[in-house]
Every structure is written in structure tokens, then in C-alpha cells.
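Printed here is input-v5.cif (mmCIF, C-alpha atoms):
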data_data
loop_
_atom_site.label_atom_id
_atom_site.label_comp_id
_atom_site.auth_asym_id
_atom_site.auth_seq_id
_atom_site.Cartn_x
_atom_site.Cartn_y
_atom_site.Cartn_z
CA MET A 1 0.00 0.00 0.00
CA ARG A 2 2.77 2.42 0.96
CA ASP A 3 4.53 1.92 -2.37
CA ARG A 4 1.33 2.31 -4.39
CA LEU A 5 -0.33 5.08 -2.41
CA ASP A 6 -0.51 7.34 -5.46
CA GLU A 7 -2.68 4.79 -7.25
CA VAL A 8 -5.07 4.57 -4.32
CA ALA A 9 -5.21 8.20 -3.23
CA GLY A 10 -4.13 10.00 -6.39
CA PRO A 11 -0.85 11.91 -6.78
CA ASP A 12 -2.17 14.85 -4.76
CA GLY A 13 -4.60 12.88 -2.63
CA GLU A 14 -7.49 14.00 -4.78
CA ARG A 15 -9.01 10.52 -5.12
CA ALA A 16 -8.99 9.40 -1.52
CA SER A 17 -7.75 10.00 1.98
CA VAL A 18 -6.01 6.95 3.46
CA VAL A 19 -5.67 6.38 7.20
CA MET A 20 -4.45 3.44 9.24
CA ILE A 21 -6.24 2.54 12.47
CA THR A 22 -4.45 0.59 15.17
CA PHE A 23 -5.23 -0.45 18.73
CA THR A 24 -1.65 -0.04 19.90
CA THR A 25 -0.52 2.90 22.02
CA SER A 26 1.23 6.00 20.74
CA GLY A 27 4.43 5.10 22.61
CA GLU A 28 4.61 1.71 20.94
CA LEU A 29 4.20 3.32 17.52
CA VAL A 30 7.30 5.50 17.59
CA GLY A 31 9.75 2.81 16.49
CA TYR A 32 7.25 1.24 14.12
CA GLN A 33 6.65 4.51 12.29
CA GLN A 34 10.38 5.22 12.13
CA ARG A 35 11.00 1.86 10.48
CA ARG A 36 7.98 1.83 8.17
CA ARG A 37 7.78 5.56 7.36
CA LEU A 38 4.11 5.26 6.52
CA PRO A 39 2.96 8.25 4.47
CA PHE A 40 -0.54 8.42 5.92
CA PRO A 41 -2.01 9.24 9.34
CA ILE A 42 -2.11 6.56 12.02
CA LEU A 43 -5.13 6.74 14.32
CA LEU A 44 -5.21 5.25 17.80
CA ASP A 45 -8.22 3.18 18.77
CA THR A 46 -6.86 1.66 21.96
CA ASP A 47 -10.24 0.52 23.28
CA ARG A 48 -11.17 -0.84 19.81
CA ARG A 49 -14.46 1.05 19.77
CA VAL A 50 -14.08 1.77 16.04
CA TYR A 51 -12.94 -1.79 15.31
CA ASP A 52 -16.21 -2.95 16.87
CA ALA A 53 -18.30 -0.34 15.05
CA TYR A 54 -16.93 -1.57 11.72
CA GLY A 55 -17.32 -5.24 12.59
CA MET A 56 -13.62 -6.12 12.86
CA GLY A 57 -13.68 -9.26 14.97
CA ARG A 58 -11.19 -11.59 16.57
CA GLY A 59 -10.11 -14.85 15.00
CA SER A 60 -9.61 -18.23 16.58
CA PHE A 61 -6.14 -19.46 17.44
CA LEU A 62 -5.99 -21.40 14.17
CA ASP A 63 -7.27 -18.40 12.18
CA VAL A 64 -4.28 -16.45 13.42
CA TRP A 65 -1.56 -19.07 13.79
CA GLY A 66 -2.48 -21.49 11.03
CA ARG A 67 -0.15 -23.00 8.44
CA ARG A 68 -0.36 -20.01 6.09
CA ALA A 69 0.57 -17.59 8.86
CA LEU A 70 3.54 -19.67 9.95
CA LEU A 71 4.72 -19.93 6.34
CA ARG A 72 4.39 -16.17 5.95
CA TYR A 73 6.39 -15.51 9.12
CA TRP A 74 9.06 -17.90 7.92
CA GLN A 75 9.29 -16.03 4.60
CA ILE A 76 9.79 -12.77 6.47
CA LEU A 77 12.19 -14.03 9.13
CA ARG A 78 14.38 -16.48 7.21
CA PRO A 79 18.00 -15.36 6.85
CA SER A 80 17.52 -14.40 3.20
CA GLY A 81 14.16 -12.74 3.90
CA PRO A 82 13.35 -9.03 3.80
CA GLY A 83 15.17 -8.32 7.05
CA GLY A 84 12.27 -8.49 9.45
CA ARG A 85 14.24 -10.45 12.04
CA ARG A 86 15.17 -7.27 13.88
CA ASP A 87 11.46 -6.66 14.43
CA LEU A 88 11.00 -10.02 16.12
CA HIS A 89 9.76 -9.56 19.68
CA PRO A 90 7.31 -11.52 21.79
CA ALA A 91 3.81 -10.25 21.06
CA THR A 92 2.35 -8.15 23.86
CA GLU A 93 -0.90 -7.22 22.16
CA ASP A 94 -3.99 -9.18 21.19
CA THR A 95 -2.73 -11.29 18.30
CA ARG A 96 -6.22 -12.61 17.62
CA GLN A 97 -7.62 -9.23 16.60
CA LEU A 98 -8.25 -9.30 12.86
CA GLY A 99 -8.00 -6.37 10.52
CA GLY A 100 -9.76 -5.21 7.41
CA ASP A 101 -10.12 -2.45 4.86
CA ILE A 102 -13.08 -0.14 4.26
CA VAL A 103 -13.73 2.34 1.46
CA ILE A 104 -16.19 5.13 2.27
CA ALA A 105 -17.69 7.18 -0.56
CA SER A 106 -17.90 10.94 -0.32
CA ASP A 107 -21.58 10.72 0.64
CA GLY A 108 -20.52 8.96 3.83
CA ARG A 109 -21.74 5.50 2.86
CA ILE A 110 -19.69 2.33 2.94
CA ALA A 111 -18.81 1.57 -0.67
CA TRP A 112 -16.65 -1.51 -0.19
CA GLY A 113 -15.22 -3.59 2.60
CA HIS A 114 -12.92 -6.50 3.25
CA TRP A 115 -13.13 -8.16 6.65
CA SER A 116 -10.18 -10.49 7.19
CA GLU A 117 -11.13 -14.05 8.10
CA ARG A 118 -7.55 -15.05 8.98
CA SER A 119 -4.33 -13.26 9.80
CA THR A 120 -3.07 -13.77 6.23
CA ASP A 121 -6.36 -12.78 4.57
CA ARG A 122 -5.69 -9.37 3.04
CA PRO A 123 -7.12 -7.73 -0.07
CA SER A 124 -4.73 -6.85 -2.84
CA VAL A 125 -3.87 -3.23 -3.50
CA ASP A 126 -5.53 -3.73 -6.89
CA ASP A 127 -8.77 -4.57 -5.08
CA ILE A 128 -8.56 -1.34 -3.09
CA VAL A 129 -7.68 0.76 -6.15
CA ARG A 130 -10.68 -0.73 -7.95
CA ALA A 131 -12.96 -0.04 -4.98
CA VAL A 132 -11.82 3.60 -4.77
CA THR A 133 -12.33 4.01 -8.51
CA GLU A 134 -15.87 2.69 -8.26
CA ALA A 135 -16.60 4.76 -5.14
CA THR A 136 -15.50 7.95 -6.84
CA ALA A 137 -17.06 7.23 -10.23
CA GLY A 138 -20.38 8.72 -11.11
CA VAL A 139 -20.21 11.40 -8.47
CA ARG A 140 -21.84 14.52 -9.84
CA PRO A 141 -19.02 16.91 -10.80
CA MET B 142 -18.08 -11.28 16.56
CA PRO B 143 -19.14 -7.64 16.22
CA ARG B 144 -21.77 -6.92 13.61
CA ARG B 145 -20.48 -5.74 10.25
CA PRO B 146 -22.09 -2.63 8.79
CA ALA B 147 -23.66 -3.31 5.40
CA ILE B 148 -22.34 -2.03 2.11
CA GLY B 149 -24.34 1.04 1.13
CA GLN B 150 -25.16 1.95 4.71
CA PRO B 151 -23.86 5.12 6.38
CA ALA B 152 -20.38 4.57 7.75
CA PRO B 153 -20.16 4.77 11.55
CA ARG B 154 -18.85 8.22 12.40
CA PHE B 155 -15.86 8.52 14.73
CA GLU B 156 -13.09 10.76 15.91
CA LEU B 157 -9.76 9.36 17.10
CA PRO B 158 -6.45 10.72 18.36
CA ALA B 159 -3.74 10.71 15.71
CA HIS B 160 -0.18 9.53 16.22
CA GLY B 161 2.01 12.57 15.74
CA ALA B 162 0.61 15.74 14.29
CA VAL B 163 -1.92 15.49 11.49
CA ALA B 164 -2.46 18.85 9.82
CA GLY B 165 -1.93 20.53 13.16
CA SER B 166 -4.79 18.70 14.83
CA PRO B 167 -4.38 16.10 17.59
CA THR B 168 -7.46 14.24 16.41
CA TRP B 169 -8.83 12.96 13.11
CA SER B 170 -12.56 12.98 12.41
CA LEU B 171 -14.38 11.10 9.66
CA ASP B 172 -16.90 13.92 9.35
CA ASP B 173 -14.13 16.48 8.85
CA GLU B 174 -12.47 14.27 6.26
CA LEU B 175 -15.68 13.77 4.30
CA ASP B 176 -16.27 17.53 4.34
CA ARG B 177 -12.87 18.02 2.73
CA GLY B 178 -14.22 16.29 -0.37
CA PHE B 179 -16.27 19.38 -1.09
CA THR B 180 -14.95 22.65 -2.36
CA SER B 181 -16.73 24.93 0.06
CA PRO B 182 -18.73 24.77 3.29
CA GLN B 183 -21.86 25.59 1.30
CA ASP B 184 -21.35 22.52 -0.87
CA SER B 185 -20.88 20.44 2.23
CA ASP B 186 -24.04 21.84 3.78
CA THR B 187 -26.16 21.08 0.76
CA GLY B 188 -24.46 17.82 -0.07
CA THR B 189 -24.36 18.77 -3.73
CA GLY B 190 -20.63 19.14 -4.21
CA THR B 191 -18.85 20.75 -7.12
CA ALA B 192 -15.35 20.42 -8.49
CA GLY B 193 -13.30 18.41 -6.03
CA ALA B 194 -16.23 16.36 -4.79
CA GLY B 195 -16.16 12.59 -4.79
CA ARG B 196 -13.11 12.03 -2.64
CA ALA B 197 -13.25 8.70 -0.85
CA VAL B 198 -11.85 7.68 2.52
CA VAL B 199 -9.92 4.42 2.94
CA LEU B 200 -9.69 2.92 6.43
CA ILE B 201 -7.00 0.30 7.02
CA PHE B 202 -7.62 -1.61 10.23
CA HIS B 203 -4.27 -2.97 11.34
CA ARG B 204 -3.58 -6.12 13.32
CA HIS B 205 -1.23 -6.10 16.28
CA ILE B 206 2.09 -4.26 16.06
CA HIS B 207 3.76 -5.60 19.22
#
Translate this file's structure into C-alpha cells.
Amino acid sequence: MRDRLDEVAGPDGERASVVMITFTTSGELVGYQQRRRLPFPILLDTDRRVYDAYGMGRGSFLDVWGRRALLRYWQILRPSGPGGRRDLHPATEDTRQLGGDIVIASDGRIAWGHWSERSTDRPSVDDIVRAVTEATAGVRP
Amino acid sequence: MPRRPAIGQPAPRFELPAHGAVAGSPTWSLDDELDRGFTSPQDSDTGTGTAGAGRAVVLIFHRHIH
């Protein structure tokens, strides 16, 4: 998403505003943001009130730590992987909380949504670009 | 499992604190962001919109970080 933000939001952000919502605390985010350098706002929903309002649920143990998740972690952490080993720390947050992606049209209605069923269940950036295109099409100029 | 809002229904409105400064404001509001899709307060009030209307909002709900 970070590398293709222009396609989602438009070069000047004219197509969409993108924000990330997390339930971590601001203090925990400092190092994360320094490493990731995310080019969009990060919002703090520590009590997960907004997660609940948008139907983002928790998965079972197998939803989160199933074979696909373990394979994905191995791909990241293996010696020839993308260097994520330095980020490896025991989890201190709720690992069973699932994520998702929502596109809201300018009239304030939900135009598209993806609710993750497992930890590895993520929409492609192409899916999100397509959803933004459809949400912004046909709006009276 | 919390109930998912339906496609086509009004998005639940919210305001949350932002990590770091976002446009000089310590909080981010969905209502404020949707209003930015319009070119003037009048457009926002009437809901008609003119040039610049039609800007979407993408919410990325993250899993755990730590």
C-alpha cells in the first residue's frame, strides 16, 4: 500500500484519503513509524471502539496461527528474507484481533469492505484501487 | 463477533487521536475528512458538491504491532 499510495489516493490525494487505524498505544508506535515511514495518518483506537463499530472481529487461534501464517512468518524471518528479524519480539498485544479495509464514498456510505477471516487474509492493492475508482465514479461533478 | 455494517449503509462516524501531528490537529474525524471532499462549506451543507467532490476515505484496520 505504501509503495502504491498514489494509485489509491491520487498523486495529490485527490481521489482518496487513506488512514491506518491501530489499537496499539502511541508510545509503541514510535519505532514502528520510524522503520515503516508510513505516508498516511495513524489513528489510535486503543479501546477498539471503532474496530467494533466496523465489525472487525477476533479470529480463533488457528485463524491467526495457522499453516499459512507460519509460512508467511518464515518467509519474512528467514536469513535471506526481507530483514524483518530485527522486528521479532514476543507479542504483547492481542494477536487474535483481525484487521480489514473499508472504502467510504464521499456521501458517507460504505462503498466496499474487506473483513479479514484469517491473519493472512488481506485484499490486494488492486482490489482497493478498484474499490476507490468505483466509489468515486459517477459522483456529480 | 461484532456486527459488520452493510455495504451502502452510512459509515459509523468517529473521531480518534492521531499519532504525531496530522495537519496541526491532535485528532482525526471522519466527518471532517468527508467535508474536505467538497470545495466549500456551502457545498458540504447542501451535499451537492462541485469540483473536487467525490473524494473517498480508505480505512486500514491494522492487526497487532507488538
Problem - the PyMOL selection byres ((chain B and resi 196) around 10) resolved against shown file, as a PyMOL selection string - result: (chain A and resi 9-10+13-17+104-107+132-133+135-137+139) or (chain B and resi 174-179+193-195+197-199)
Handout entry: the PyMOL selection byres ((chain A and resi 41-47) around 8) resolved against shown file, as a VMD selection string
Key = (chain A and resid 18 to 26 38 to 40 48 to 51) or (chain B and resid 157 to 160 163 169)
Store the residues of this selection in a file with C-alpha atoms, as a PDB file, in the coordinates of the input.
ATOM      1  CA  VAL A  18      -6.010   6.950   3.460  1.00  0.00           C
ATOM      2  CA  VAL A  19      -5.670   6.380   7.200  1.00  0.00           C
ATOM      3  CA  MET A  20      -4.450   3.440   9.240  1.00  0.00           C
ATOM      4  CA  ILE A  21      -6.240   2.540  12.470  1.00  0.00           C
ATOM      5  CA  THR A  22      -4.450   0.590  15.170  1.00  0.00           C
ATOM      6  CA  PHE A  23      -5.230  -0.450  18.730  1.00  0.00           C
ATOM      7  CA  THR A  24      -1.650  -0.040  19.900  1.00  0.00           C
ATOM      8  CA  THR A  25      -0.520   2.900  22.020  1.00  0.00           C
ATOM      9  CA  SER A  26       1.230   6.000  20.740  1.00  0.00           C
ATOM     10  CA  LEU A  38       4.110   5.260   6.520  1.00  0.00           C
ATOM     11  CA  PRO A  39       2.960   8.250   4.470  1.00  0.00           C
ATOM     12  CA  PHE A  40      -0.540   8.420   5.920  1.00  0.00           C
ATOM     13  CA  ARG A  48     -11.170  -0.840  19.810  1.00  0.00           C
ATOM     14  CA  ARG A  49     -14.460   1.050  19.770  1.00  0.00           C
ATOM     15  CA  VAL A  50     -14.080   1.770  16.040  1.00  0.00           C
ATOM     16  CA  TYR A  51     -12.940  -1.790  15.310  1.00  0.00           C
TER      17      TYR A  51
ATOM     18  CA  LEU B 157      -9.760   9.360  17.100  1.00  0.00           C
ATOM     19  CA  PRO B 158      -6.450  10.720  18.360  1.00  0.00           C
ATOM     20  CA  ALA B 159      -3.740  10.710  15.710  1.00  0.00           C
ATOM     21  CA  HIS B 160      -0.180   9.530  16.220  1.00  0.00           C
ATOM     22  CA  VAL B 163      -1.920  15.490  11.490  1.00  0.00           C
ATOM     23  CA  TRP B 169      -8.830  12.960  13.110  1.00  0.00           C
TER      24      TRP B 169
END
Practice task
Just say which residues the PyMOL selection byres ((chain A and resi 90-101) around 9) picks in this file, as an MDAnalysis selection string.
Solution key: (chainID A and resid 23:24 51 56:61 63:65 88:89 102:103 112:119 121:123 128) or (chainID B and resid 199:207)
Would you mind exporting the chosen residues as an mmCIF file, keeping the file's coordinate frame, restricted to C-alpha atoms?
data_model
loop_
_atom_site.group_PDB
_atom_site.id
_atom_site.type_symbol
_atom_site.label_atom_id
_atom_site.label_comp_id
_atom_site.auth_asym_id
_atom_site.auth_seq_id
_atom_site.Cartn_x
_atom_site.Cartn_y
_atom_site.Cartn_z
ATOM 1 C CA PHE A 23 -5.230 -0.450 18.730
ATOM 2 C CA THR A 24 -1.650 -0.040 19.900
ATOM 3 C CA TYR A 51 -12.940 -1.790 15.310
ATOM 4 C CA MET A 56 -13.620 -6.120 12.860
ATOM 5 C CA GLY A 57 -13.680 -9.260 14.970
ATOM 6 C CA ARG A 58 -11.190 -11.590 16.570
ATOM 7 C CA GLY A 59 -10.110 -14.850 15.000
ATOM 8 C CA SER A 60 -9.610 -18.230 16.580
ATOM 9 C CA PHE A 61 -6.140 -19.460 17.440
ATOM 10 C CA ASP A 63 -7.270 -18.400 12.180
ATOM 11 C CA VAL A 64 -4.280 -16.450 13.420
ATOM 12 C CA TRP A 65 -1.560 -19.070 13.790
ATOM 13 C CA LEU A 88 11.000 -10.020 16.120
ATOM 14 C CA HIS A 89 9.760 -9.560 19.680
ATOM 15 C CA ILE A 102 -13.080 -0.140 4.260
ATOM 16 C CA VAL A 103 -13.730 2.340 1.460
ATOM 17 C CA TRP A 112 -16.650 -1.510 -0.190
ATOM 18 C CA GLY A 113 -15.220 -3.590 2.600
ATOM 19 C CA HIS A 114 -12.920 -6.500 3.250
ATOM 20 C CA TRP A 115 -13.130 -8.160 6.650
ATOM 21 C CA SER A 116 -10.180 -10.490 7.190
ATOM 22 C CA GLU A 117 -11.130 -14.050 8.100
ATOM 23 C CA ARG A 118 -7.550 -15.050 8.980
ATOM 24 C CA SER A 119 -4.330 -13.260 9.800
ATOM 25 C CA ASP A 121 -6.360 -12.780 4.570
ATOM 26 C CA ARG A 122 -5.690 -9.370 3.040
ATOM 27 C CA PRO A 123 -7.120 -7.730 -0.070
ATOM 28 C CA ILE A 128 -8.560 -1.340 -3.090
ATOM 29 C CA VAL B 199 -9.920 4.420 2.940
ATOM 30 C CA LEU B 200 -9.690 2.920 6.430
ATOM 31 C CA ILE B 201 -7.000 0.300 7.020
ATOM 32 C CA PHE B 202 -7.620 -1.610 10.230
ATOM 33 C CA HIS B 203 -4.270 -2.970 11.340
ATOM 34 C CA ARG B 204 -3.580 -6.120 13.320
ATOM 35 C CA HIS B 205 -1.230 -6.100 16.280
ATOM 36 C CA ILE B 206 2.090 -4.260 16.060
ATOM 37 C CA HIS B 207 3.760 -5.600 19.220
#
Exercise for the section: May I ask for the distance between atom CA of A:Asp126 and atom CA of A:Arg4, given in Å to one decimal place? Expected result: 9.5 Å
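Residue nearest chain A within the list B:Pro167, B:Arg144, B:Glu156, B:Asp172: B:Arg144 [criterion: smallest interatomic distance, all atoms listed in the file].
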Handout entry: Nearest to B:Ile148 by atom-to-atom distance, counting only C-alpha atoms, from A:Pro79, A:Gly31, A:Gly108, A:Pro11
Key =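 Distance minimum relative to B:Ile148 lands on A:Gly108.
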Practice task
Tell me which of A:Arg2, A:Arg67, A:Arg109, A:Arg130 sits closest to A:Arg37, counting only C-alpha atoms.
Solution key: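 Of all the options, A:Arg2 lies closest to A:Arg37.
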Practice task
Rounded to one decimal place, report the atom CA of A:Val125-atom CA of B:Leu171 distance in Å.
Solution key: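 Atom-to-atom, atom CA of A:Val125 and atom CA of B:Leu171 are spaced 22.1 Å apart.
You will find atom CA of B:Arg154 at 9.0 Å from atom CA of A:Ala53.
In this comparison, which uses only C-alpha atoms, the residue of A:Val8, A:Met1, A:Arg72, A:Gly55 approaching A:Arg36 most closely is A:Met1.
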Missing atoms in stretch 145-160 of chain B: can you complete it with N, CA and C atoms, as a PDB file, keeping the file's coordinate frame?
ATOM      1  N   ARG B 145     -21.060  -6.532  11.336  1.00  0.00           N
ATOM      2  CA  ARG B 145     -20.480  -5.740  10.250  1.00  0.00           C
ATOM      3  C   ARG B 145     -21.524  -4.788   9.678  1.00  0.00           C
ATOM      4  N   PRO B 146     -21.155  -3.539   9.470  1.00  0.00           N
ATOM      5  CA  PRO B 146     -22.090  -2.630   8.790  1.00  0.00           C
ATOM      6  C   PRO B 146     -22.231  -3.049   7.326  1.00  0.00           C
ATOM      7  N   ALA B 147     -23.396  -2.860   6.775  1.00  0.00           N
ATOM      8  CA  ALA B 147     -23.660  -3.310   5.400  1.00  0.00           C
ATOM      9  C   ALA B 147     -23.109  -2.329   4.380  1.00  0.00           C
ATOM     10  N   ILE B 148     -22.741  -2.882   3.239  1.00  0.00           N
ATOM     11  CA  ILE B 148     -22.340  -2.030   2.110  1.00  0.00           C
ATOM     12  C   ILE B 148     -23.537  -1.169   1.723  1.00  0.00           C
ATOM     13  N   GLY B 149     -23.263   0.113   1.503  1.00  0.00           N
ATOM     14  CA  GLY B 149     -24.340   1.040   1.130  1.00  0.00           C
ATOM     15  C   GLY B 149     -24.944   1.763   2.319  1.00  0.00           C
ATOM     16  N   GLN B 150     -24.638   1.290   3.515  1.00  0.00           N
ATOM     17  CA  GLN B 150     -25.160   1.950   4.710  1.00  0.00           C
ATOM     18  C   GLN B 150     -24.222   3.079   5.140  1.00  0.00           C
ATOM     19  N   PRO B 151     -24.748   4.045   5.888  1.00  0.00           N
ATOM     20  CA  PRO B 151     -23.860   5.120   6.380  1.00  0.00           C
ATOM     21  C   PRO B 151     -22.729   4.551   7.230  1.00  0.00           C
ATOM     22  N   ALA B 152     -21.539   5.034   6.979  1.00  0.00           N
ATOM     23  CA  ALA B 152     -20.380   4.570   7.750  1.00  0.00           C
ATOM     24  C   ALA B 152     -20.471   5.109   9.180  1.00  0.00           C
ATOM     25  N   PRO B 153     -20.175   4.275  10.164  1.00  0.00           N
ATOM     26  CA  PRO B 153     -20.160   4.770  11.550  1.00  0.00           C
ATOM     27  C   PRO B 153     -19.194   5.951  11.676  1.00  0.00           C
ATOM     28  N   ARG B 154     -19.691   7.035  12.243  1.00  0.00           N
ATOM     29  CA  ARG B 154     -18.850   8.220  12.400  1.00  0.00           C
ATOM     30  C   ARG B 154     -17.970   8.060  13.630  1.00  0.00           C
ATOM     31  N   PHE B 155     -16.769   8.628  13.581  1.00  0.00           N
ATOM     32  CA  PHE B 155     -15.860   8.520  14.730  1.00  0.00           C
ATOM     33  C   PHE B 155     -14.821   9.623  14.662  1.00  0.00           C
ATOM     34  N   GLU B 156     -14.221   9.847  15.799  1.00  0.00           N
ATOM     35  CA  GLU B 156     -13.090  10.760  15.910  1.00  0.00           C
ATOM     36  C   GLU B 156     -12.065  10.087  16.805  1.00  0.00           C
ATOM     37  N   LEU B 157     -10.810  10.061  16.348  1.00  0.00           N
ATOM     38  CA  LEU B 157      -9.760   9.360  17.100  1.00  0.00           C
ATOM     39  C   LEU B 157      -8.516  10.232  17.214  1.00  0.00           C
ATOM     40  N   PRO B 158      -7.738  10.029  18.292  1.00  0.00           N
ATOM     41  CA  PRO B 158      -6.450  10.720  18.360  1.00  0.00           C
ATOM     42  C   PRO B 158      -5.505  10.190  17.286  1.00  0.00           C
ATOM     43  N   ALA B 159      -4.689  11.082  16.767  1.00  0.00           N
ATOM     44  CA  ALA B 159      -3.740  10.710  15.710  1.00  0.00           C
ATOM     45  C   ALA B 159      -2.345  10.622  16.306  1.00  0.00           C
ATOM     46  N   HIS B 160      -1.576   9.665  15.803  1.00  0.00           N
ATOM     47  CA  HIS B 160      -0.180   9.530  16.220  1.00  0.00           C
ATOM     48  C   HIS B 160       0.622  10.633  15.530  1.00  0.00           C
TER      49      HIS B 160
END
